[in-house]
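Student: This is the structure, below, for whatever I ask next.
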Amino acid sequence: MRKKERAKEIYDRLAKRYPSPEPALHWSTPWELLVATALSAQCTDERVNMVTPVFFERWPEISDVAEADVTDIEDVVRSTGFFRNKAKNLKAAATRIMEVYGGEVPKTMAELITLGGVARKTASIVLANAFGVNEGIAVDTHVKRLAFRMGLTTKTDPIQIEKDLMPLYPREQWGDVNHLLVFFGREVCPARKPKCDECELNDICPKKGVK
């Protein structure tokens, strides 16, 4: 099976398993999704979903975060790990949004990645889910692992993996590709003990059993 055919088969099968893919993070505005996604780095979605209600109760508006003391932000996001860097970046992002983008989260990749702590992965998630715009495929640890195991890439750098994945899928599917691979990676194909015996991709997986 050629790579593009395998990629389509993977999407079709996982889309049946997860007919309504959407972020596991809780959010209601583009800013809330940006904050939650930034906090999710090296942290579980469950933990982030415990922290964000406290965060947004304390600072309901982007302007509130821009004016907040960074040490106060650190205290609230501490349990998500790497809290000093995350707090600094969130304050910087909020400040730039207020000063450069009129208090509105920008709607392009080029603009989003100018915000503190926002790289392509976070920007792609915000664009696809908050604005319905697909400018890339968000590559996190699950996408990276499954793309390799399923023979869709041989790269290790997320940017290069994204470049390998994008031509394999229609642009309108780019946002869902991330969700489908993340969900499946968590439930069936985790890093340590992939459940190959119950995997619906087993028959087309060129690296089944690879950890």
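Labels for the structure tokens follow display order: chains A, B, ..., residues from 1 in each chain, ligands from 1.
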Quick one: residues within 8 Å of segment 18-29 of chain A, only C-alpha atoms, excluding same-chain residues fewer than 5 positions away - as a list in words?
Tutor: Ala36, Thr37, Asp45, Glu46, Val48, Asn49, Asn129, Ala130, Asp176, His179 and Leu180 of chain A
Student: Any chance you could export the current selection's N, CA and C atoms as an mmCIF file, in the first residue's frame?
Tutor:
data_model
loop_
_atom_site.group_PDB
_atom_site.id
_atom_site.type_symbol
_atom_site.label_atom_id
_atom_site.label_comp_id
_atom_site.auth_asym_id
_atom_site.auth_seq_id
_atom_site.Cartn_x
_atom_site.Cartn_y
_atom_site.Cartn_z
ATOM 1 N N ALA A 36 -5.255 27.345 27.109
ATOM 2 C CA ALA A 36 -5.314 25.927 27.464
ATOM 3 C C ALA A 36 -4.287 25.116 26.685
ATOM 4 N N THR A 37 -4.147 25.402 25.402
ATOM 5 C CA THR A 37 -3.186 24.667 24.577
ATOM 6 C C THR A 37 -1.760 24.956 25.025
ATOM 7 N N ASP A 45 -4.272 16.900 29.673
ATOM 8 C CA ASP A 45 -5.446 17.739 29.446
ATOM 9 C C ASP A 45 -6.302 17.824 30.708
ATOM 10 N N GLU A 46 -6.362 16.727 31.443
ATOM 11 C CA GLU A 46 -7.158 16.712 32.665
ATOM 12 C C GLU A 46 -6.670 17.765 33.658
ATOM 13 N N VAL A 48 -4.906 20.478 32.927
ATOM 14 C CA VAL A 48 -5.168 21.800 32.358
ATOM 15 C C VAL A 48 -6.618 22.200 32.582
ATOM 16 N N ASN A 49 -7.533 21.252 32.407
ATOM 17 C CA ASN A 49 -8.951 21.545 32.583
ATOM 18 C C ASN A 49 -9.310 21.844 34.038
ATOM 19 N N ASN A 129 -9.634 24.986 15.287
ATOM 20 C CA ASN A 129 -10.770 24.763 16.175
ATOM 21 C C ASN A 129 -11.539 26.032 16.526
ATOM 22 N N ALA A 130 -10.835 27.145 16.642
ATOM 23 C CA ALA A 130 -11.514 28.390 17.010
ATOM 24 C C ALA A 130 -11.991 29.176 15.793
ATOM 25 N N ASP A 176 -8.591 17.813 11.842
ATOM 26 C CA ASP A 176 -9.052 16.549 12.422
ATOM 27 C C ASP A 176 -7.949 15.507 12.509
ATOM 28 N N HIS A 179 -6.534 15.500 15.994
ATOM 29 C CA HIS A 179 -7.423 14.915 16.996
ATOM 30 C C HIS A 179 -7.488 13.396 16.875
ATOM 31 N N LEU A 180 -7.637 12.899 15.657
ATOM 32 C CA LEU A 180 -7.789 11.459 15.446
ATOM 33 C C LEU A 180 -6.556 10.696 15.921
#
Student: Using DSSP on the backbone coordinates, identify all residues within segment 32-143 of chain A classified as helix (DSSP H, G or I); present the result as JSON, numbers by chain.
Tutor: {"A": [32, 33, 34, 35, 36, 37, 38, 39, 45, 46, 47, 48, 49, 50, 51, 52, 53, 54, 55, 56, 57, 58, 62, 63, 64, 65, 66, 67, 70, 71, 72, 73, 74, 75, 76, 77, 78, 79, 80, 83, 84, 85, 86, 87, 88, 89, 90, 91, 92, 93, 94, 95, 96, 97, 98, 99, 100, 109, 110, 111, 112, 120, 121, 122, 123, 124, 125, 126, 127, 128, 129, 130, 141, 142, 143]}
Student: Quick one: pull the distance between atom CA of Ser124 of chain A and atom CA of Thr156 of chain A, Å, one decimal.
Tutor: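 Atom-to-atom, atom CA of Ser124 of chain A and atom CA of Thr156 of chain A are spaced 18.8 Å apart.
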Student: I want to know what sits within 12 Å of Asp64 of chain A, based on only C-alpha atoms, with residues of the same chain fewer than 3 positions away left out; could you give that as a list in words?
Tutor: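 The neighbour list is Phe55, Phe56, Glu57, Arg58, Trp59, Pro60, Glu61, Glu67, Ala68, Asp69, Val70, Asp72, Ile73, Leu90, Lys91, Ala93, Ala94, Thr95, Ile97, Met98 and Gly103 of chain A.
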Student: Skipping near chain neighbours, those fewer than 2 positions away, what residues fall within 7 Å of Ala138 of chain A using only C-alpha atoms, listed as a list in words?
Tutor: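 In the requested format, the answer is Arg120, Lys121, Ser124, Ile125, Gly136, Asp140 and Asn178 of chain A.
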Student: Would you save the residues of that selection, restricted to all heavy atoms, as a JSON list (two decimals), in the first residue's frame?
Tutor:
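Full text of part_8.json as output:
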[["chain", "number", "residue", "atom", "x", "y", "z"],
["A", 120, "ARG", "N", 4.02, 26.62, 15.92],
["A", 120, "ARG", "CA", 3.08, 26.15, 14.90],
["A", 120, "ARG", "C", 2.02, 25.21, 15.48],
["A", 120, "ARG", "O", 0.86, 25.25, 15.07],
["A", 120, "ARG", "CB", 3.83, 25.45, 13.77],
["A", 120, "ARG", "CG", 4.53, 26.40, 12.82],
["A", 120, "ARG", "CD", 5.04, 25.65, 11.59],
["A", 120, "ARG", "NE", 3.95, 25.05, 10.82],
["A", 120, "ARG", "CZ", 3.28, 25.66, 9.84],
["A", 120, "ARG", "NH1", 3.58, 26.92, 9.54],
["A", 120, "ARG", "NH2", 2.33, 25.04, 9.18],
["A", 121, "LYS", "N", 2.41, 24.35, 16.43],
["A", 121, "LYS", "CA", 1.44, 23.39, 16.96],
["A", 121, "LYS", "C", 0.26, 24.11, 17.61],
["A", 121, "LYS", "O", -0.90, 23.84, 17.28],
["A", 121, "LYS", "CB", 2.11, 22.47, 17.98],
["A", 121, "LYS", "CG", 1.17, 21.39, 18.52],
["A", 121, "LYS", "CD", 1.76, 20.66, 19.71],
["A", 121, "LYS", "CE", 1.56, 21.44, 20.98],
["A", 121, "LYS", "NZ", 1.91, 20.68, 22.20],
["A", 124, "SER", "N", -1.79, 26.08, 15.02],
["A", 124, "SER", "CA", -2.63, 25.22, 14.18],
["A", 124, "SER", "C", -3.89, 24.79, 14.92],
["A", 124, "SER", "O", -4.99, 24.76, 14.34],
["A", 124, "SER", "CB", -1.85, 23.98, 13.73],
["A", 124, "SER", "OG", -0.82, 24.31, 12.83],
["A", 125, "ILE", "N", -3.75, 24.47, 16.20],
["A", 125, "ILE", "CA", -4.91, 24.04, 17.00],
["A", 125, "ILE", "C", -5.89, 25.19, 17.15],
["A", 125, "ILE", "O", -7.11, 25.01, 17.00],
["A", 125, "ILE", "CB", -4.44, 23.52, 18.36],
["A", 125, "ILE", "CG1", -3.71, 22.18, 18.18],
["A", 125, "ILE", "CG2", -5.61, 23.36, 19.32],
["A", 125, "ILE", "CD1", -3.05, 21.65, 19.44],
["A", 136, "GLY", "N", -2.11, 24.22, 8.94],
["A", 136, "GLY", "CA", -1.09, 23.21, 9.23],
["A", 136, "GLY", "C", -1.69, 22.07, 10.02],
["A", 136, "GLY", "O", -2.89, 22.06, 10.33],
["A", 140, "ASP", "N", 2.06, 16.86, 17.91],
["A", 140, "ASP", "CA", 2.50, 16.68, 19.29],
["A", 140, "ASP", "C", 3.13, 15.30, 19.42],
["A", 140, "ASP", "O", 3.43, 14.64, 18.41],
["A", 140, "ASP", "CB", 1.32, 16.86, 20.25],
["A", 140, "ASP", "CG", 0.22, 15.83, 20.02],
["A", 140, "ASP", "OD1", 0.41, 14.89, 19.21],
["A", 140, "ASP", "OD2", -0.84, 15.95, 20.65],
["A", 178, "ASN", "N", -4.98, 15.76, 13.58],
["A", 178, "ASN", "CA", -4.38, 15.85, 14.92],
["A", 178, "ASN", "C", -5.25, 15.16, 15.95],
["A", 178, "ASN", "O", -4.78, 14.33, 16.72],
["A", 178, "ASN", "CB", -4.17, 17.31, 15.30],
["A", 178, "ASN", "CG", -3.78, 17.47, 16.76],
["A", 178, "ASN", "OD1", -4.64, 17.71, 17.62],
["A", 178, "ASN", "ND2", -2.50, 17.35, 17.07]]
Student: Identify which of the residues A:Gly116, A:Gly151, A:Gly102, A:Pro30 lies closest to Lys86 of chain A, counting only C-alpha atoms when measuring atom-to-atom distances.
Tutor: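 Going through A:Gly116, A:Gly151, A:Gly102, A:Pro30 one by one, the smallest distance to Lys86 of chain A is for A:Gly116.
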